[in-house]
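Worksheet: one structure, shown below.
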Amino acid sequence: MKNRLGWKSEYTIGVENVDNQHRNLFKMLGSLNETLSVEKKIDACGDIIKSLVEYTQTHFADEEKFMADINYKGLARHKLLHQNLINEVKKVLLTLKTDGDFGPNELIDFLYNWIIDHILKEDIKIGEAYCTTISPVKVQSNS
């Protein structure tokens, strides 16, 4: 399972700051996964989860600012996706605190699947938009 959870070059979107933050998210998820595999209890990971949530919110804000800076057309939709994830994570954390129906493996799977899916389906579009803004195709005329 560990191989599946690590950073892969295919997750690179071509925006250095965003890619670095994504790598950091993967490192934090890896730390959470390691701690959960030893502790077997989510409540032992409170500080890691709190740091992960805070870092994710910072990452989202940075990513949204970058999208605004490049006039990314999908910004409003992307912000909504970010907010939906924050709401989902809050529900999961509340479930963990109240009834524990959400186990450690489910938490890790949820977080990894979300980030991988989000990068490969949504964030990659930011990289594509960025590439067109920094090196737009120019048509030369012969006149």
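Note on naming: chains are A, B, ... as they come in the structure tokens, residues start from 1 per chain, ligands start from 1 in the order shown.
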
Near-Leu25 (chain A) list (8 Å; only C-alpha atoms; drop same-chain fewer than 6 positions) as a count of residues only: 3

Which residues, written as number ranges by chain, have at least one atom at most 10 Å from region 105-108 of chain A, with only C-alpha atoms counted and residues fewer than 2 positions away on the same chain left out? A: 5, 29-30, 32-33, 36-37, 40, 42, 89, 92-93, 96, 101-103, 110-114

Can you write just those residues out, C-alpha atoms, as a compact mmCIF listing (two decimals), in the first residue's frame?
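File result_17.txt, as written:
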# COMPACT_ATOMS: atom_id res chain seq x y z
CA LEU A 5 0.52 6.50 -1.27
CA LEU A 29 -0.35 12.02 4.64
CA GLY A 30 2.56 9.58 4.77
CA LEU A 32 -0.35 10.20 9.26
CA ASN A 33 -0.40 6.78 7.63
CA LEU A 36 -1.88 5.15 12.24
CA SER A 37 -0.16 1.91 11.28
CA LYS A 40 -4.00 1.88 15.27
CA ILE A 42 -7.08 7.94 15.09
CA VAL A 89 -13.16 16.49 6.13
CA VAL A 92 -15.24 12.87 8.82
CA LEU A 93 -13.46 14.41 11.80
CA LEU A 96 -14.27 10.23 14.29
CA ASP A 101 -17.48 4.69 12.52
CA PHE A 102 -14.71 5.93 10.27
CA GLY A 103 -11.59 3.81 10.76
CA PHE A 110 -10.41 8.94 1.65
CA LEU A 111 -7.63 11.55 1.88
CA TYR A 112 -5.28 9.94 -0.64
CA ASN A 113 -8.05 9.20 -3.13
CA TRP A 114 -9.34 12.75 -2.90

What lies within 10 Å of Phe60 (chain A) using only C-alpha atoms, ignoring chain neighbours under 3 positions off, as a ChimeraX atom specification? /A:18,21,54-57,63-66,78-79,82-83,86

Identify all residues of chain A in alpha helix (DSSP H) (DSSP on the backbone) and supply them as a VMD selection string. chain A and resid 2 to 5 16 to 39 46 to 69 75 to 98 104 to 118 124 to 134

Do you have, as a Markdown table, the list of residues of region 32-93 of chain A lying at most 9 Å from region 118-137 of chain A, each with its nearest atom pair and that distance in Å to one decimal, counting only C-alpha atoms and ordered by chain then number?
| residue | atom | partner | partner_atom | distance |
| --- | --- | --- | --- | --- |
| A:Met67 | CA | A:Ile126 | CA | 7.1 |
| A:Ile70 | CA | A:Tyr130 | CA | 6.7 |
| A:Asn71 | CA | A:Ala129 | CA | 9.0 |
| A:Tyr72 | CA | A:Ala129 | CA | 6.8 |
| A:Lys73 | CA | A:Ala129 | CA | 8.7 |
| A:Gly74 | CA | A:Ile126 | CA | 8.5 |
| A:His78 | CA | A:Glu122 | CA | 7.5 |
| A:Leu81 | CA | A:His118 | CA | 8.7 |

Can you tell me, as a PyMOL selection string, what residues are no more than 9 Å from Trp7 (chain A) when counting only C-alpha atoms, ignoring any on the same chain fewer than 6 positions away? chain A and resi 22-23+26-27

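CA of Gly6 (chain A) is found 12.1 Å from CA of Glu34 (chain A).
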
For CA of Glu16 (chain A) and CA of Ser51 (chain A), determine how far apart the two atoms are, in Å to one decimal place. 21.9 Å

Would you compute the distance between CA of Gly46 (chain A) and CA of Ile115 (chain A)? Give it in Å to one decimal. 20.0 Å

Restricting to only C-alpha atoms, whichever of A:Asp19, A:Asp117, A:Met28, A:Cys45 is closest to Leu85 (chain A) is A:Asp117
